[in-house]
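So this block is entry-v3.cif, mmCIF, C-alpha atoms:
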```cif
data_coords
#
loop_
_atom_site.label_atom_id
_atom_site.label_comp_id
_atom_site.auth_asym_id
_atom_site.auth_seq_id
_atom_site.Cartn_x
_atom_site.Cartn_y
_atom_site.Cartn_z
CA MET U 1 38.51 -2.17 -18.53
CA THR U 2 35.07 -2.42 -20.05
CA THR U 3 33.10 0.78 -20.32
CA ALA U 4 30.76 0.54 -23.28
CA ARG U 5 29.78 -1.79 -26.04
CA SER U 6 28.40 -0.97 -29.47
CA THR U 7 24.90 -2.21 -30.20
CA ALA U 8 23.67 -3.05 -33.67
CA GLY U 9 20.32 -1.85 -34.87
CA GLY U 10 18.40 1.36 -34.76
CA VAL U 11 17.31 3.45 -31.84
CA SER U 12 13.71 3.37 -30.68
CA ALA U 13 12.46 6.40 -28.79
CA VAL U 14 10.48 5.80 -25.64
CA THR U 15 7.49 8.03 -25.59
CA GLY U 16 6.80 10.04 -22.51
CA GLY U 17 7.12 13.45 -20.95
CA PRO U 18 7.57 15.39 -17.74
CA ALA U 19 5.71 14.16 -14.73
CA GLY U 20 2.20 15.52 -14.51
CA PRO U 21 -0.61 15.06 -11.97
CA THR U 22 -0.58 11.51 -10.67
CA ARG U 23 -3.62 9.42 -11.67
CA ARG U 24 -5.11 6.73 -9.49
CA MET U 25 -4.70 3.18 -10.70
CA PRO U 26 -6.25 -0.03 -9.35
CA LEU U 27 -4.16 -1.47 -6.52
CA ALA U 28 -3.08 -5.10 -6.83
CA ALA U 29 -1.30 -7.19 -4.22
CA ALA U 30 0.97 -8.53 -6.97
CA ILE U 31 2.59 -5.09 -7.21
CA LEU U 32 3.71 -5.33 -3.60
CA VAL U 33 5.10 -8.80 -4.20
CA GLY U 34 7.11 -7.40 -7.10
CA LEU U 35 8.33 -4.50 -4.97
CA LEU U 36 9.53 -6.73 -2.16
CA ALA U 37 11.03 -9.29 -4.51
CA ALA U 38 12.96 -7.17 -6.96
CA GLY U 39 11.87 -3.55 -6.96
CA CYS U 40 10.79 -1.48 -9.91
CA GLN U 41 12.74 1.29 -11.56
CA SER U 42 11.14 4.69 -11.64
CA ARG U 43 13.80 7.34 -11.42
CA SER U 44 17.44 8.00 -11.91
CA PRO U 45 19.15 5.58 -9.51
CA GLU U 46 20.81 8.11 -7.23
CA THR U 47 17.58 9.94 -6.50
CA THR U 48 15.17 9.41 -3.69
CA GLY U 49 12.98 6.37 -3.94
CA SER U 50 14.60 4.91 -6.99
CA ILE U 51 14.10 1.33 -5.91
CA GLY U 52 10.42 1.07 -5.30
CA GLY U 53 9.03 4.40 -6.30
CA GLY U 54 7.15 4.71 -3.01
CA LEU U 55 3.39 5.18 -3.17
CA SER U 56 3.29 5.66 -6.91
CA SER U 57 4.80 2.21 -7.55
CA LEU U 58 1.82 0.69 -5.74
CA GLY U 59 -0.69 2.62 -7.81
CA LEU U 60 -1.46 5.05 -4.98
CA SER U 61 -1.78 8.80 -5.16
CA ALA U 62 1.55 10.59 -4.80
CA SER U 63 2.30 14.28 -4.56
CA PRO U 64 3.33 15.88 -7.87
CA ARG U 65 6.99 16.89 -8.16
CA ALA U 66 8.05 20.33 -9.29
CA GLU U 67 10.55 19.66 -12.06
CA ARG U 68 11.82 21.81 -14.89
CA THR U 69 10.06 20.95 -18.11
CA ILE U 70 11.75 21.04 -21.48
CA SER U 71 9.95 21.65 -24.74
CA ARG U 72 10.14 19.38 -27.76
CA ARG U 73 11.58 22.33 -29.68
CA GLU U 74 14.46 22.56 -27.21
CA VAL U 75 15.09 18.84 -27.60
CA GLU U 76 15.05 19.17 -31.37
CA ALA U 77 17.50 22.09 -31.23
CA LEU U 78 19.86 20.10 -29.03
CA GLY U 79 19.50 17.15 -31.41
CA GLU U 80 20.44 19.32 -34.37
CA SER U 81 23.46 20.64 -32.48
CA TYR U 82 24.50 17.10 -31.58
CA ALA U 83 24.05 15.88 -35.18
CA SER U 84 26.23 18.68 -36.50
CA SER U 85 28.99 17.99 -33.98
CA PRO U 86 28.63 14.49 -32.46
CA ASN U 87 32.17 14.55 -31.07
CA ASP U 88 31.39 17.59 -28.90
CA LEU U 89 31.03 16.06 -25.44
CA GLY U 90 29.07 19.00 -24.08
CA ASN U 91 26.51 18.69 -26.88
CA ALA U 92 26.18 14.96 -26.28
CA MET U 93 25.65 15.33 -22.54
CA ARG U 94 23.09 18.12 -22.90
CA TYR U 95 21.19 16.22 -25.57
CA ALA U 96 21.14 13.02 -23.52
CA GLN U 97 19.89 14.92 -20.49
CA ALA U 98 17.11 16.49 -22.56
CA LEU U 99 16.11 13.11 -23.97
CA ARG U 100 15.86 11.69 -20.48
CA ALA U 101 13.75 14.66 -19.40
CA VAL U 102 11.14 13.91 -22.07
CA GLY U 103 11.18 10.16 -21.46
CA GLN U 104 13.24 9.13 -24.49
CA ARG U 105 15.65 7.12 -22.40
CA THR U 106 16.44 4.47 -24.99
CA GLN U 107 17.68 7.19 -27.34
CA ALA U 108 19.59 8.79 -24.48
CA VAL U 109 21.34 5.46 -23.90
CA ALA U 110 22.44 5.40 -27.55
CA VAL U 111 23.82 8.95 -27.33
CA LEU U 112 25.67 8.26 -24.08
CA GLN U 113 26.98 4.94 -25.39
CA GLN U 114 28.71 6.76 -28.24
CA ALA U 115 30.01 9.41 -25.82
CA ALA U 116 31.41 6.68 -23.57
CA LEU U 117 33.09 4.94 -26.51
CA ARG U 118 34.77 8.23 -27.44
CA ASN U 119 35.60 9.13 -23.82
CA PRO U 120 36.20 5.80 -22.05
CA LYS U 121 37.90 7.37 -19.02
CA ASN U 122 35.53 10.28 -18.46
CA VAL U 123 33.82 9.45 -15.18
CA ALA U 124 30.99 11.96 -15.69
CA VAL U 125 30.08 10.30 -19.00
CA LEU U 126 30.30 6.82 -17.50
CA ALA U 127 28.15 7.86 -14.55
CA ALA U 128 25.44 9.30 -16.80
CA TYR U 129 25.62 6.27 -19.11
CA GLY U 130 25.39 3.79 -16.24
CA LYS U 131 22.44 5.55 -14.63
CA THR U 132 20.58 5.72 -17.93
CA LEU U 133 21.20 2.03 -18.60
CA ALA U 134 19.60 1.35 -15.24
CA GLU U 135 16.63 3.52 -16.16
CA VAL U 136 15.88 1.29 -19.16
CA GLY U 137 16.30 -1.90 -17.14
CA ARG U 138 19.72 -2.97 -18.40
CA PHE U 139 20.97 -3.53 -14.87
CA GLU U 140 23.90 -5.87 -15.45
CA GLU U 141 25.37 -3.51 -18.05
CA ALA U 142 24.71 -0.59 -15.70
CA ALA U 143 26.62 -2.31 -12.89
CA GLU U 144 29.56 -2.91 -15.21
CA VAL U 145 29.69 0.70 -16.38
CA LEU U 146 29.12 2.28 -12.95
CA GLN U 147 32.01 0.41 -11.37
CA ASN U 148 34.29 2.39 -13.68
CA ALA U 149 32.54 5.72 -13.10
CA HIS U 150 34.72 6.58 -10.10
CA THR U 151 37.86 5.34 -8.40
CA PRO U 152 38.59 4.06 -4.87
CA ALA U 153 40.83 7.09 -4.40
CA GLN U 154 38.05 9.47 -5.47
CA PRO U 155 34.71 7.80 -4.75
CA ASP U 156 31.52 9.61 -5.77
CA TRP U 157 28.58 9.23 -3.36
CA ARG U 158 26.07 9.66 -6.18
CA VAL U 159 27.63 6.82 -8.15
CA LEU U 160 27.82 4.64 -5.03
CA SER U 161 24.11 5.24 -4.45
CA ALA U 162 23.39 4.40 -8.09
CA GLN U 163 25.42 1.20 -7.72
CA GLY U 164 23.34 0.36 -4.67
CA SER U 165 20.12 0.86 -6.58
CA VAL U 166 21.31 -1.38 -9.40
CA ALA U 167 22.37 -4.08 -6.91
CA ASP U 168 18.89 -3.93 -5.39
CA GLN U 169 17.35 -4.33 -8.84
CA LEU U 170 19.51 -7.44 -9.29
CA GLY U 171 18.32 -8.81 -5.94
CA ASP U 172 21.63 -8.44 -4.08
CA HIS U 173 20.33 -6.37 -1.18
CA ALA U 174 23.31 -6.95 1.12
CA ARG U 175 25.67 -5.59 -1.53
CA ALA U 176 23.28 -2.71 -2.21
CA GLN U 177 23.23 -1.74 1.45
CA ALA U 178 27.03 -1.79 1.54
CA PHE U 179 27.07 0.71 -1.35
CA TYR U 180 24.61 2.98 0.45
CA GLU U 181 26.64 2.82 3.67
CA ALA U 182 29.77 3.77 1.72
CA ALA U 183 27.90 6.69 0.15
CA LEU U 184 26.75 7.86 3.58
CA LYS U 185 30.35 7.91 4.83
CA ILE U 186 31.06 10.51 2.16
CA ARG U 187 27.71 12.31 2.45
CA PRO U 188 26.39 11.74 5.99
CA ASN U 189 22.61 11.87 6.42
CA GLU U 190 21.96 12.54 2.74
CA PRO U 191 18.18 11.99 2.53
CA ALA U 192 18.27 10.51 -0.98
CA VAL U 193 20.73 7.82 0.08
CA LEU U 194 18.99 7.16 3.40
CA SER U 195 15.70 6.77 1.53
CA ASN U 196 17.23 4.27 -0.87
CA LEU U 197 18.77 2.43 2.08
CA GLY U 198 15.39 2.29 3.80
CA LEU U 199 13.72 0.92 0.69
CA SER U 200 16.51 -1.64 0.36
CA TYR U 201 15.80 -2.82 3.91
CA ALA U 202 12.11 -3.05 2.96
CA LEU U 203 13.01 -5.13 -0.08
CA SER U 204 14.90 -7.52 2.19
CA ARG U 205 11.95 -7.56 4.64
CA GLN U 206 13.82 -5.73 7.40
CA LEU U 207 10.97 -3.34 8.10
CA ASP U 208 12.20 -2.05 11.48
CA ARG U 209 15.52 -1.03 9.95
CA ALA U 210 13.67 0.40 6.97
CA GLU U 211 11.57 2.61 9.25
CA THR U 212 14.64 3.80 11.18
CA ALA U 213 16.49 4.78 8.01
CA LEU U 214 13.45 6.50 6.49
CA ARG U 215 12.63 8.42 9.68
CA LEU U 216 16.19 9.71 9.74
CA ALA U 217 15.88 10.65 6.06
CA ALA U 218 12.59 12.48 6.68
CA GLU U 219 14.19 14.51 9.47
CA GLN U 220 16.84 15.98 7.18
CA PRO U 221 16.42 19.55 5.87
CA GLY U 222 16.75 18.39 2.26
CA ALA U 223 14.08 15.68 2.49
CA ASP U 224 11.22 16.02 0.01
CA ALA U 225 7.77 14.51 -0.32
CA ARG U 226 9.10 11.30 -1.83
CA VAL U 227 11.02 10.51 1.36
CA ARG U 228 7.88 10.95 3.44
CA GLN U 229 5.89 8.84 0.98
CA ASN U 230 8.43 6.04 1.30
CA LEU U 231 8.19 6.27 5.09
CA ALA U 232 4.40 6.10 4.84
CA LEU U 233 4.68 3.04 2.61
CA VAL U 234 6.89 1.21 5.13
CA LEU U 235 4.61 2.17 8.01
CA GLY U 236 1.73 0.76 5.98
CA LEU U 237 3.61 -2.47 5.33
CA LYS U 238 4.08 -2.78 9.10
CA GLY U 239 0.32 -2.47 9.57
CA ARG U 240 0.53 0.98 11.18
CA ILE U 241 -2.07 2.51 8.90
CA PRO U 242 -2.97 5.57 11.06
CA ASP U 243 0.72 6.52 11.25
CA ALA U 244 1.06 6.02 7.49
CA GLU U 245 -1.98 8.20 6.84
CA ALA U 246 -0.60 10.93 9.12
CA ALA U 247 2.67 10.91 7.18
CA MET U 248 0.82 11.10 3.86
CA ARG U 249 -1.31 14.05 4.99
CA ARG U 250 1.78 16.25 4.95
CA ASP U 251 1.85 16.15 1.15
CA LEU U 252 -1.56 14.87 0.01
CA THR U 253 -5.09 16.11 0.40
CA PRO U 254 -7.09 14.50 3.23
CA ASP U 255 -9.16 12.54 0.70
CA GLU U 256 -6.07 11.24 -1.10
CA ALA U 257 -4.39 10.27 2.19
CA ALA U 258 -7.53 8.49 3.39
CA SER U 259 -7.88 6.65 0.06
CA ASN U 260 -4.26 5.56 0.18
CA ALA U 261 -4.63 4.46 3.79
CA GLN U 262 -7.62 2.31 2.91
CA ALA U 263 -5.73 0.77 -0.01
CA LEU U 264 -2.77 -0.03 2.24
CA ARG U 265 -5.14 -1.49 4.84
CA THR U 266 -6.57 -3.83 2.23
CA LEU U 267 -3.12 -4.68 0.93
CA VAL U 268 -1.67 -5.77 4.28
CA ALA U 269 -4.79 -7.61 5.47
CA PRO U 270 -4.09 -11.32 6.09
CA PRO U 271 -5.31 -13.63 3.31
CA GLY U 272 -8.87 -14.65 3.87
CA ALA U 273 -9.51 -11.90 6.41
CA LYS U 274 -12.33 -10.43 4.36
CA ALA U 275 -13.92 -13.83 3.85
CA ALA U 276 -13.68 -14.53 7.56
CA GLN U 277 -15.31 -11.21 8.32
CA VAL U 278 -18.17 -12.04 5.97
CA ALA U 279 -18.55 -15.47 7.56
CA ARG U 280 -18.85 -13.87 11.02
CA LYS U 281 -21.54 -11.44 9.85
CA PRO U 282 -24.92 -12.40 11.37
CA ALA U 283 -27.45 -13.76 8.93
CA THR U 284 -30.32 -11.48 8.03
CA ARG U 285 -33.48 -12.47 9.80
CA GLY U 286 -36.52 -13.09 7.65
#
```
Using structure tokens, write down the structure that the file contains.
Amino acid sequence: MTTARSTAGGVSAVTGGPAGPTRRMPLAAAILVGLLAAGCQSRSPETTGSIGGGLSSLGLSASPRAERTISRREVEALGESYASSPNDLGNAMRYAQALRAVGQRTQAVAVLQQAALRNPKNVAVLAAYGKTLAEVGRFEEAAEVLQNAHTPAQPDWRVLSAQGSVADQLGDHARAQAFYEAALKIRPNEPAVLSNLGLSYALSRQLDRAETALRLAAEQPGADARVRQNLALVLGLKGRIPDAEAAMRRDLTPDEAASNAQALRTLVAPPGAKAAQVARKPATRG
């Protein structure tokens, strides 16, 4: 059973920090092509919207998330504790979690890799290691590790959802959807899984099924803004811009929702539509 492999070389820290106010970025149609073709990683794989990242993956305004922040001093203290006792599994897990929280995911991978080598049958370690591998784009390794992070006798819905996200990243949407369905058998109507399932349908261009899954996700008591943003994105992809804007208004300011709606309208316009509109415009009389 393969669980972890040693990697030669040093560890490079990925700079970053807790999510702050989302900034607008220019929207490009190529981003949508990338989303529908392979997805883009933005969050821990079992969480809502891990495949496409919803509005934010398209460069649109997205509502800020309230997440616990961790100071650099706390990270340093956990690092010192880990350095003094690297075999302490609790220290390793806390340190890796802190590193992920401040965006140093590559270093978190290195810490969890060593923890997995020392604890090759600990499913919690393997789950954290596999998810973090996915966060840094090492999807094939993540798939290999995650398959050992639970057993058929004791399946974990979070790991199943993470496996689904990784399969989507690798372009195997049918397999991904099977993982999500298995997760939903254990955790019916879990909004995070339903949202991932909806995005997986969107990636495979099954937009009606994507809307159904995301509407069900949005109806759940535990659904957050990211679920509604993903629903708005799919509605936009279907050309239902007013419906998408209405969904976005629940979490964004009217100006942000209107700006996003206009961007989606431009994005889904048929090629050449703008040129055709210009060509139909009456000439100015002299």
Atomic separation - atom CA of Leu126 of chain U relative to atom CA of Asn148 of chain U, Å: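 Between these atoms lies a distance of 7.1 Å.
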Who sits within 12 Å of segment 151-161 of chain U, only C-alpha atoms, same chain under 6 positions skipped, as a ChimeraX atom specification: /U:44-51,121-131,142-143,145,167-168,175-197,200
Neighbouring residues of Ile241 of chain U were defined as those with any atom within 9 Å, considering all atoms listed in the file; residues of the same chain fewer than 5 positions away were excluded. Please report them as an mmCIF file with C-alpha atoms, in the coordinates of the input.
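Result written to around.cif:
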```
data_model
loop_
_atom_site.group_PDB
_atom_site.id
_atom_site.type_symbol
_atom_site.label_atom_id
_atom_site.label_comp_id
_atom_site.auth_asym_id
_atom_site.auth_seq_id
_atom_site.Cartn_x
_atom_site.Cartn_y
_atom_site.Cartn_z
ATOM 1 C CA ALA U 232 4.400 6.100 4.840
ATOM 2 C CA LEU U 235 4.610 2.170 8.010
ATOM 3 C CA GLY U 236 1.730 0.760 5.980
ATOM 4 C CA ALA U 246 -0.600 10.930 9.120
ATOM 5 C CA ALA U 261 -4.630 4.460 3.790
ATOM 6 C CA GLN U 262 -7.620 2.310 2.910
ATOM 7 C CA LEU U 264 -2.770 -0.030 2.240
ATOM 8 C CA ARG U 265 -5.140 -1.490 4.840
#
```
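Separating atom CA of Ala149 of chain U from atom CA of Ala162 of chain U is a distance of 10.5 Å.
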Atom CA of Gln220 of chain U to atom CA of Thr253 of chain U, distance in Å rounded to a single decimal: 23.0 Å
Residues matched by the PyMOL selection byres ((chain U and resi 228) around 10), written as a PyMOL selection string: chain U and resi 54-55+195+214-215+217-219+223-227+229-234+244+247-251
Explicit residue set for the PyMOL selection byres ((chain U and resi 72-89) around 9), as a VMD selection string: chain U and resid 70 to 71 90 to 95 98 to 99 102 111 114 to 115 118 to 119 125
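Shortest atom-to-atom contact with Arg100 of chain U among U:His150, U:Leu133, U:Val166, U:Tyr201: U:Leu133, counting all atoms listed in the file.
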